[in-house]
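Visitor: One structure is given below, represented as structure tokens, and several questions about it will come after.
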Amino acid sequence: MLNYSMLYPRESVSRRAVSLDGMWKFCLDWNSDGESKSWQEGIPGDDMIPVPASFQDFYTDKDIREYAGDLWYEKDIFVPGEWKGKQILVRFGAATHRAVVYVNGIKAAEHEGGFLPFCADVTDIVRYNAYNKVVVKVNNELTVTNIPCGQTVTLPTEKKMCKPYFDFFNYSGLQRSVWLTALPKESVFDIDTVNELCGQDAKVSYKVRTTGEHPVTVELLDAEGNRVASCDGKEGVLEVKDAHLWKVRSAYLYRMVVRIVDEGEILDEYAQEIGIRTVEVKGTSILINGEPVYLRGFGKHEDSDIVGRGFNIGVMKRDFELMKWIGANSFRTSHYPYSEEIYQMADREGFLIIDEVPAVGLFESLMNFMDASTGKQTAFFEKETTPILLQAHLRAVEEMITRDKNHPSVIAWSLLNEPETTSDAAVPYFKEVFDRARELDPQKRPRTFALVMNSTPDKCKCYQFSDIIALNRYYGWYVSGGYDISTAEVLFRKEMDAWKALDLNKPFIFTEYGADTLSSEHKLPSVMWSQEYQAEYLKMNNEVFDSYDFIKGEQIWNFADFQTTEGIMRVNGNKKGVFTRQRQPKDIAYKLKERWESLPLGYKG
Ligand code: BDP
């Protein structure tokens, strides 16, 4: 059980939230001896850096961009005197990949895992009506005992270097917003909601956890602010007459107001938006509100120029506008849970999210997309350290589901990306992760994981855990690319026929397919890397998708070009974007728009 609340910071009659975003003092710890020099009491130098942002792309020195180790941040924060008697928290949206927080030199929190929020309870440490020094030691090294997996090596220069087992740059630092919050001593800690549709009406069952014993009341307000239902108690059912459903690309949000009351006095009030919708997998269909949907959209990244993986509110807005323009209805948060603001936007815009935990790189290879295509047998879950990895993974699943369970946009959990699945040792590992997700999710959403190329129907030992089978397939790119694309199609159909023969009676979706394409390259006739080839690749893939009625979605890799580690396989990043990194369309964007706008929502339903 988590010892801090995952609720998004919001103000109310009883709560205060002050943004700590802005410039923070910053320094790198080249000798990993900051603590012995008492940096926890204040860091040296006068460099400042924006938060939220990845630190890497601001500087002109390659040693800094590639730095692996501890990064130190510092900010003086003012705690008002009126907050005495409240619970004071410093809340980090994320610190990649692990952090220790000190306030006034005293250790206040420690957190492992770089893509989910945590709080430092500083109630007993802070001085009121005064400035307090917050120092954060963030570490960005990769290991096989935490997700995402990779190695950290020492070079002949004695500098450390991260070697990810995954295909995105190891951006790190304080990449999401930081808040200073004040909560009442007795506060709302967690909320569960479950929707049920009954004809025109709906029932929203809820469960509220608080930090005390006073009674709870719950109100549901419609979009105009009218009260449409209410209920007393920590558990209850809100009966909504003529419910306005949250639908795909046609969202409707209610406001759920939870109060802790003491004889008429409000001890705490927390309000959050919820959507009334159901999600279910039935046979080969994915049903939202009982109606079949065909997913069209993207695998994405949080990635942009200058700020790297730092949450960028402008890029978020642009991305949603582009997704609407192109006729998408969904995306996967590959390969880590995204900033909370992105889910809030998806809730408002009616996008469907497959929410992915950062379990990527569970396949021992620096280029798994290459090695996996060869079909060679591999092993990953047989290491001495696997039990430690599993604990970190389970913890991330718990944090993700607790954080995201009330978003109507979240329709499925992706519990791993491209793991090794061909050895027996993978099976018990998967079982624990999938069971835990089921247990934690009050809405019992479908669970899935993205299958790498070598997880074929004859070799994969883990697909049975998935409620939706999600394939990452690169026929025509890593397998038989270019003029050989007709061979790719034969092999692709052969694999799909083998899946069909298993008669799993489950929906299949493509969570990845794509071809690297330089926005500068045109060639007639096509060659690989040209925009013309990206179009041929798309055409072949679409024809295969359209030939199998159990295929219920396509999420192309990737929404936009993104930064990776440098290497012979990548031209300053992965170029499979439908849009450039600057969010301008490649030619293929117009073809996708044409296709996606013509596909009915319940295509093959
Ligand atoms: C898969 C990965 C993804 C890569 C992609 C690719 O899931 O992270 O970026 O393929 O090769 O291996 O482009």
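We name chains A, B, ... following the order of the structure tokens; residues begin at 1 in each chain, and ligands are numbered from 1 as shown.
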Check every protein, DNA and RNA residue against ligand 1, keep those with an atom at most 9 Å away (counting only C-alpha atoms and all ligand atoms), and present them as a PyMOL selection string.
Guide: chain A and resi 166-168+299+334-335+360-361+367-370+372+417-418+450-453+472-474+478+511-516+557-558+562+564+574-576
Visitor: Since we have the selection now, will you write its residues out, keeping N, CA and C atoms, as a tab-separated table (two decimals), in the first residue's frame?
Guide:
```tsv
chain	number	residue	atom	x	y	z
A	166	PHE	N	16.56	-0.06	-24.57
A	166	PHE	CA	15.34	0.45	-25.21
A	166	PHE	C	15.73	1.57	-26.16
A	167	ASP	N	14.78	1.93	-26.99
A	167	ASP	CA	15.07	2.81	-28.13
A	167	ASP	C	14.57	4.24	-27.92
A	168	PHE	N	14.88	4.83	-26.76
A	168	PHE	CA	14.62	6.26	-26.62
A	168	PHE	C	15.71	6.83	-25.73
A	299	GLY	N	1.50	5.10	-31.17
A	299	GLY	CA	2.42	5.00	-30.06
A	299	GLY	C	3.12	6.34	-30.04
A	334	SER	N	3.45	4.87	-24.68
A	334	SER	CA	4.72	4.17	-24.82
A	334	SER	C	5.83	5.14	-24.37
A	335	HIS	N	6.76	4.73	-23.58
A	335	HIS	CA	6.88	3.46	-22.90
A	335	HIS	C	6.92	3.69	-21.38
A	360	VAL	N	10.07	-1.50	-20.02
A	360	VAL	CA	10.63	-1.65	-21.36
A	360	VAL	C	12.10	-2.01	-21.18
A	361	GLY	N	12.61	-2.79	-22.13
A	361	GLY	CA	14.00	-3.23	-22.01
A	361	GLY	C	14.12	-4.52	-21.23
A	367	MET	N	19.75	-3.38	-28.94
A	367	MET	CA	18.93	-3.07	-30.11
A	367	MET	C	17.88	-4.17	-30.25
A	368	ASN	N	16.96	-4.25	-29.32
A	368	ASN	CA	16.04	-5.38	-29.32
A	368	ASN	C	15.20	-5.45	-30.59
A	369	PHE	N	14.93	-4.27	-31.17
A	369	PHE	CA	14.12	-4.26	-32.38
A	369	PHE	C	14.84	-5.00	-33.50
A	370	MET	N	16.18	-5.04	-33.44
A	370	MET	CA	16.95	-5.78	-34.45
A	370	MET	C	17.02	-7.26	-34.08
A	372	ALA	N	15.35	-9.06	-32.09
A	372	ALA	CA	14.09	-9.77	-32.01
A	372	ALA	C	13.62	-10.23	-33.39
A	417	ASN	N	6.46	-3.64	-22.44
A	417	ASN	CA	6.68	-3.46	-23.87
A	417	ASN	C	7.81	-4.35	-24.34
A	418	GLU	N	7.52	-5.17	-25.31
A	418	GLU	CA	8.51	-6.03	-25.96
A	418	GLU	C	9.42	-6.79	-24.99
A	450	ALA	N	2.87	-5.37	-25.15
A	450	ALA	CA	3.21	-5.30	-26.57
A	450	ALA	C	4.21	-6.40	-26.91
A	451	LEU	N	3.81	-7.25	-27.85
A	451	LEU	CA	4.64	-8.41	-28.21
A	451	LEU	C	5.68	-8.05	-29.26
A	452	VAL	N	6.92	-8.36	-28.94
A	452	VAL	CA	8.03	-8.11	-29.87
A	452	VAL	C	7.98	-9.13	-31.01
A	453	MET	N	8.67	-8.81	-32.11
A	453	MET	CA	8.65	-9.66	-33.31
A	453	MET	C	8.88	-11.15	-33.06
A	472	ASN	N	3.63	-5.64	-31.88
A	472	ASN	CA	4.54	-4.68	-32.50
A	472	ASN	C	5.17	-5.42	-33.68
A	473	ARG	N	4.85	-5.02	-34.88
A	473	ARG	CA	5.32	-5.77	-36.06
A	473	ARG	C	5.93	-4.84	-37.10
A	474	TYR	N	7.05	-5.27	-37.64
A	474	TYR	CA	7.79	-4.43	-38.59
A	474	TYR	C	8.09	-5.16	-39.89
A	478	TYR	N	12.12	-3.96	-40.55
A	478	TYR	CA	13.23	-4.80	-40.06
A	478	TYR	C	13.25	-6.15	-40.77
A	511	THR	N	0.13	-2.36	-31.85
A	511	THR	CA	0.60	-1.24	-31.04
A	511	THR	C	1.86	-0.62	-31.65
A	512	GLU	N	2.42	-1.28	-32.65
A	512	GLU	CA	3.52	-0.68	-33.41
A	512	GLU	C	3.57	-1.29	-34.79
A	513	TYR	N	3.79	-0.45	-35.78
A	513	TYR	CA	4.21	-0.80	-37.13
A	513	TYR	C	4.69	0.53	-37.69
A	514	GLY	N	5.72	0.52	-38.49
A	514	GLY	CA	6.22	1.80	-38.98
A	514	GLY	C	7.53	1.66	-39.71
A	515	ALA	N	7.88	2.69	-40.43
A	515	ALA	CA	9.11	2.70	-41.22
A	515	ALA	C	9.82	4.03	-41.02
A	516	ASP	N	11.14	3.95	-40.76
A	516	ASP	CA	11.91	5.19	-40.62
A	516	ASP	C	11.86	5.97	-41.92
A	557	TRP	N	3.65	3.42	-35.26
A	557	TRP	CA	4.87	3.87	-34.60
A	557	TRP	C	5.58	4.81	-35.52
A	558	ASN	N	5.73	6.03	-35.24
A	558	ASN	CA	5.41	6.73	-34.02
A	558	ASN	C	4.64	7.98	-34.40
A	562	PHE	N	11.59	11.07	-32.79
A	562	PHE	CA	12.01	11.29	-31.40
A	562	PHE	C	13.49	10.94	-31.21
A	564	THR	N	16.85	9.33	-29.74
A	564	THR	CA	17.32	8.05	-29.20
A	564	THR	C	18.81	8.20	-28.88
A	574	ASN	N	15.03	8.37	-33.89
A	574	ASN	CA	14.15	7.46	-34.60
A	574	ASN	C	13.24	8.31	-35.50
A	575	LYS	N	13.20	7.93	-36.76
A	575	LYS	CA	12.49	8.77	-37.74
A	575	LYS	C	11.20	8.12	-38.24
A	576	LYS	N	10.60	7.30	-37.42
A	576	LYS	CA	9.35	6.67	-37.87
A	576	LYS	C	8.14	7.56	-37.67
```
Visitor: As a list in words, please: the residues near A:Asn289 (cut-off 10 Å, only C-alpha atoms, same-chain neighbours under 3 positions excluded).
Guide: Asn195, Glu196, Leu197, Leu245, Trp246, Lys247, Val248, Ile276, Arg277, Thr278, Val279, Glu280, Ile286, Pro292 and Val293 of chain A
Visitor: Can I get the selection written as a compact mmCIF listing (two decimals), in the first residue's frame, with all heavy atoms?
Guide:
```txt
# COMPACT_ATOMS: atom_id res chain seq x y z
N ASN A 195 -18.30 2.38 -13.02
CA ASN A 195 -19.54 2.77 -13.69
C ASN A 195 -20.35 1.56 -14.13
O ASN A 195 -19.78 0.57 -14.56
CB ASN A 195 -19.23 3.58 -14.95
CG ASN A 195 -18.28 4.72 -14.68
OD1 ASN A 195 -18.58 5.56 -13.85
ND2 ASN A 195 -17.13 4.72 -15.33
N GLU A 196 -21.65 1.75 -14.06
CA GLU A 196 -22.53 0.70 -14.58
C GLU A 196 -23.67 1.40 -15.31
O GLU A 196 -24.24 2.37 -14.80
CB GLU A 196 -23.06 -0.10 -13.39
CG GLU A 196 -23.78 -1.38 -13.76
CD GLU A 196 -24.47 -1.97 -12.52
OE1 GLU A 196 -23.93 -1.82 -11.39
OE2 GLU A 196 -25.56 -2.53 -12.69
N LEU A 197 -24.00 0.93 -16.51
CA LEU A 197 -25.07 1.57 -17.27
C LEU A 197 -26.35 0.76 -17.10
O LEU A 197 -26.31 -0.47 -17.17
CB LEU A 197 -24.71 1.65 -18.76
CG LEU A 197 -23.32 2.21 -19.09
CD1 LEU A 197 -23.13 2.33 -20.60
CD2 LEU A 197 -23.11 3.57 -18.42
N LEU A 245 -23.26 10.10 -21.25
CA LEU A 245 -22.09 9.21 -21.28
C LEU A 245 -20.85 9.89 -21.86
O LEU A 245 -20.95 10.76 -22.72
CB LEU A 245 -22.39 7.96 -22.11
CG LEU A 245 -23.55 7.09 -21.63
CD1 LEU A 245 -23.62 5.79 -22.43
CD2 LEU A 245 -23.41 6.77 -20.13
N TRP A 246 -19.70 9.45 -21.36
CA TRP A 246 -18.41 9.84 -21.94
C TRP A 246 -18.20 8.93 -23.15
O TRP A 246 -18.20 7.70 -23.01
CB TRP A 246 -17.31 9.62 -20.89
CG TRP A 246 -15.95 10.11 -21.30
CD1 TRP A 246 -15.40 11.32 -20.98
CD2 TRP A 246 -14.94 9.42 -22.06
NE1 TRP A 246 -14.13 11.42 -21.51
CE2 TRP A 246 -13.83 10.27 -22.18
CE3 TRP A 246 -14.89 8.17 -22.67
CZ2 TRP A 246 -12.66 9.91 -22.86
CZ3 TRP A 246 -13.73 7.81 -23.35
CH2 TRP A 246 -12.63 8.68 -23.44
N LYS A 247 -18.09 9.54 -24.33
CA LYS A 247 -17.94 8.72 -25.54
C LYS A 247 -16.63 9.05 -26.25
O LYS A 247 -16.06 10.13 -26.04
CB LYS A 247 -19.11 9.00 -26.49
CG LYS A 247 -20.44 8.55 -25.92
CD LYS A 247 -21.54 8.75 -26.93
CE LYS A 247 -22.87 8.26 -26.37
NZ LYS A 247 -24.00 8.93 -26.99
N VAL A 248 -16.25 8.15 -27.13
CA VAL A 248 -15.01 8.34 -27.88
C VAL A 248 -15.12 9.61 -28.71
O VAL A 248 -16.07 9.77 -29.49
CB VAL A 248 -14.77 7.13 -28.83
CG1 VAL A 248 -13.39 7.24 -29.48
CG2 VAL A 248 -14.91 5.82 -28.07
N ILE A 276 -18.61 9.02 -17.29
CA ILE A 276 -19.37 7.78 -17.13
C ILE A 276 -19.26 6.98 -18.42
O ILE A 276 -19.75 7.41 -19.47
CB ILE A 276 -20.85 8.07 -16.77
CG1 ILE A 276 -20.89 8.86 -15.45
CG2 ILE A 276 -21.63 6.76 -16.66
CD1 ILE A 276 -22.28 9.18 -14.96
N ARG A 277 -18.54 5.91 -18.33
CA ARG A 277 -18.38 5.02 -19.50
C ARG A 277 -17.94 3.64 -18.99
O ARG A 277 -17.37 3.52 -17.92
CB ARG A 277 -17.37 5.58 -20.51
CG ARG A 277 -15.94 5.74 -20.01
CD ARG A 277 -15.06 4.61 -20.42
NE ARG A 277 -13.76 4.66 -19.76
CZ ARG A 277 -13.51 4.14 -18.56
NH1 ARG A 277 -14.46 3.55 -17.86
NH2 ARG A 277 -12.30 4.22 -18.04
N THR A 278 -18.24 2.63 -19.78
CA THR A 278 -17.75 1.30 -19.41
C THR A 278 -16.76 0.83 -20.48
O THR A 278 -16.79 1.32 -21.61
CB THR A 278 -18.91 0.29 -19.34
OG1 THR A 278 -19.56 0.25 -20.61
CG2 THR A 278 -19.91 0.66 -18.26
N VAL A 279 -15.89 -0.07 -20.10
CA VAL A 279 -14.94 -0.68 -21.04
C VAL A 279 -14.99 -2.18 -20.82
O VAL A 279 -14.99 -2.64 -19.67
CB VAL A 279 -13.47 -0.31 -20.72
CG1 VAL A 279 -12.55 -0.79 -21.83
CG2 VAL A 279 -13.30 1.13 -20.44
N GLU A 280 -14.95 -2.90 -21.91
CA GLU A 280 -15.08 -4.35 -21.78
C GLU A 280 -14.53 -5.00 -23.04
O GLU A 280 -14.60 -4.42 -24.12
CB GLU A 280 -16.58 -4.59 -21.69
CG GLU A 280 -17.08 -5.91 -21.26
CD GLU A 280 -18.60 -5.95 -21.46
OE1 GLU A 280 -19.23 -4.88 -21.71
OE2 GLU A 280 -19.14 -7.05 -21.40
N ILE A 286 -13.62 -4.82 -28.65
CA ILE A 286 -13.37 -3.89 -27.55
C ILE A 286 -14.61 -3.01 -27.48
O ILE A 286 -14.97 -2.36 -28.48
CB ILE A 286 -12.12 -3.02 -27.84
CG1 ILE A 286 -10.89 -3.92 -28.06
CG2 ILE A 286 -11.88 -2.02 -26.71
CD1 ILE A 286 -9.68 -3.18 -28.62
N PRO A 292 -18.85 -1.43 -30.05
CA PRO A 292 -17.49 -1.76 -30.50
C PRO A 292 -16.72 -0.53 -31.00
O PRO A 292 -17.30 0.35 -31.63
CB PRO A 292 -17.74 -2.73 -31.67
CG PRO A 292 -19.16 -2.56 -32.07
CD PRO A 292 -19.89 -2.03 -30.89
N VAL A 293 -15.43 -0.51 -30.68
CA VAL A 293 -14.57 0.54 -31.23
C VAL A 293 -13.37 -0.08 -31.92
O VAL A 293 -12.86 -1.13 -31.50
CB VAL A 293 -14.02 1.53 -30.18
CG1 VAL A 293 -15.10 2.39 -29.59
CG2 VAL A 293 -13.24 0.84 -29.10
```
Visitor: Might you pull out every residue within 12 Å of A:Lys591, with only C-alpha atoms counted and same-chain residues fewer than 2 positions away left off, and present them as a PyMOL selection string?
Guide: chain A and resi 326-327+531-532+534-539+542+578+585-589+593-598
Visitor: Using only C-alpha atoms, which residues of stretch 174-266 of chain A come within 12 Å of stretch 130-150 of chain A, and what is the closest atom pair for each, with the distance in Å to one decimal? Give it as JSON lines, sorted by chain and residue number.
Guide:
```
{"residue": "A:Leu174", "atom": "CA", "partner": "A:Val138", "partner_atom": "CA", "distance": 7.8}
{"residue": "A:Gln175", "atom": "CA", "partner": "A:Val138", "partner_atom": "CA", "distance": 10.9}
{"residue": "A:Val178", "atom": "CA", "partner": "A:Val134", "partner_atom": "CA", "distance": 11.2}
{"residue": "A:Trp179", "atom": "CA", "partner": "A:Val134", "partner_atom": "CA", "distance": 11.8}
{"residue": "A:Leu180", "atom": "CA", "partner": "A:Val134", "partner_atom": "CA", "distance": 10.7}
```
Visitor: Please dump the current selection as a PDB file, in the first residue's frame; keep N, CA, C and O atoms.
Guide:
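What landed in result.pdb:
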```pdb
ATOM      1  N   LEU A 174      14.213  16.410 -13.267  1.00  0.00           N
ATOM      2  CA  LEU A 174      12.858  16.716 -12.789  1.00  0.00           C
ATOM      3  C   LEU A 174      12.037  17.108 -14.017  1.00  0.00           C
ATOM      4  O   LEU A 174      11.998  18.263 -14.419  1.00  0.00           O
ATOM      5  N   GLN A 175      11.410  16.118 -14.613  1.00  0.00           N
ATOM      6  CA  GLN A 175      10.783  16.303 -15.925  1.00  0.00           C
ATOM      7  C   GLN A 175       9.299  16.650 -15.838  1.00  0.00           C
ATOM      8  O   GLN A 175       8.651  16.832 -16.858  1.00  0.00           O
ATOM      9  N   VAL A 178       6.478  20.258 -10.029  1.00  0.00           N
ATOM     10  CA  VAL A 178       6.660  20.070  -8.589  1.00  0.00           C
ATOM     11  C   VAL A 178       5.683  21.017  -7.881  1.00  0.00           C
ATOM     12  O   VAL A 178       5.508  22.164  -8.303  1.00  0.00           O
ATOM     13  N   TRP A 179       5.046  20.503  -6.845  1.00  0.00           N
ATOM     14  CA  TRP A 179       4.059  21.297  -6.094  1.00  0.00           C
ATOM     15  C   TRP A 179       4.385  21.292  -4.608  1.00  0.00           C
ATOM     16  O   TRP A 179       4.875  20.301  -4.075  1.00  0.00           O
ATOM     17  N   LEU A 180       4.044  22.413  -3.999  1.00  0.00           N
ATOM     18  CA  LEU A 180       4.037  22.471  -2.542  1.00  0.00           C
ATOM     19  C   LEU A 180       2.573  22.483  -2.147  1.00  0.00           C
ATOM     20  O   LEU A 180       1.818  23.345  -2.609  1.00  0.00           O
TER      21      LEU A 180
END
```
Visitor: Can you work out which one of A:Ser486, A:Gln582, A:Thr517, A:Gln443 has the shortest atom-to-atom distance to A:Ala412, counting only C-alpha atoms?
Guide: A:Gln443
Visitor: Taking only C-alpha atoms into account, name the residue in A:Tyr429, A:Tyr102, A:Tyr463, A:Tyr294 that is nearest to A:Asp549.
Guide: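 Among A:Tyr429, A:Tyr102, A:Tyr463, A:Tyr294, it is A:Tyr294 that comes nearest to A:Asp549.
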Visitor: One decimal, Å: what's the distance from atom CA of A:Ala328 over to atom CA of A:Asp305, could you say?
Guide: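 Interatomic distance, atom CA of A:Ala328 to atom CA of A:Asp305: 23.6 Å.
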Visitor: Just the strand (DSSP E) stuff from stretch 109-271 of chain A, please, per backbone DSSP, written as a ChimeraX atom specification.
Guide: /A:109-112,118-121,130-139,150-154,160-164,178-183,188-198,201-210,216-221,227-232,235-240,254-262,265-271
Visitor: Find the residues around A:Lys282 up to 12 Å (only C-alpha atoms counted), leave out those fewer than 3 positions away in its own chain, and share them as a PyMOL selection string.
Guide: chain A and resi 279+285-288+290-293+446+467-468+504-507+550+552+605
Visitor: Please list as a ChimeraX atom specification every residue within 10 Å of A:Val315, counting only C-alpha atoms and excluding residues in the same chain fewer than 3 positions away.
Guide: /A:302-305,311-312,318-321,582-583
Visitor: At a cut-off of 8 Å, using only C-alpha atoms, what residues contact A:Gly173? Leave out same-chain residues fewer than 6 positions from it and give the result as a PyMOL selection string.
Guide: chain A and resi 53-55+71+95-97+138-140
Visitor: Name all residues at most 6 Å from stretch 185-187 of chain A (count only C-alpha atoms; drop same-chain ones fewer than 5 positions away) and give them as a compact mmCIF listing (two decimals) with C-alpha atoms, in the first residue's frame.
Guide:
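Saved result, result-v8.txt, follows:
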```
# COMPACT_ATOMS: atom_id res chain seq x y z
CA LYS A 86 -1.76 21.36 8.07
CA GLN A 87 0.04 18.47 6.42
CA THR A 210 -9.48 9.11 4.12
CA THR A 211 -6.84 9.58 6.79
CA GLY A 212 -9.42 9.80 9.57
CA ASP A 268 -11.61 18.47 3.55
```
Visitor: What is the distance, in Å and to one decimal place, between atom CA of A:His407 and atom CA of A:Ile354?
Guide: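 Atom CA of A:His407 sits 11.4 Å away from atom CA of A:Ile354.
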Visitor: To one decimal in Å, tell me the separation between atom CA of A:Asp121 and atom CA of A:Tyr4.
Guide: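 If I compute the distance from atom CA of A:Asp121 to atom CA of A:Tyr4, I get 8.4 Å.
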Visitor: Can you build me a table of stretch 107-218 of chain A residues sitting at most 6 Å from stretch 228-242 of chain A, with the closest atom pair per residue and its distance in Å to one decimal, using only C-alpha atoms, sorted by chain and residue number, as CSV?
Guide:
```
residue,atom,partner,partner_atom,distance
A:Gln200,CA,A:Asp242,CA,5.0
A:Asp201,CA,A:Lys241,CA,4.6
A:Ala202,CA,A:Val240,CA,5.1
A:Lys203,CA,A:Glu239,CA,4.8
A:Val204,CA,A:Leu238,CA,5.0
A:Ser205,CA,A:Val237,CA,4.2
A:Tyr206,CA,A:Gly236,CA,5.6
A:Lys207,CA,A:Glu235,CA,4.4
A:Val208,CA,A:Lys234,CA,5.0
A:Val216,CA,A:Gly233,CA,5.0
A:Thr217,CA,A:Asp232,CA,4.4
A:Val218,CA,A:Cys231,CA,5.3
```
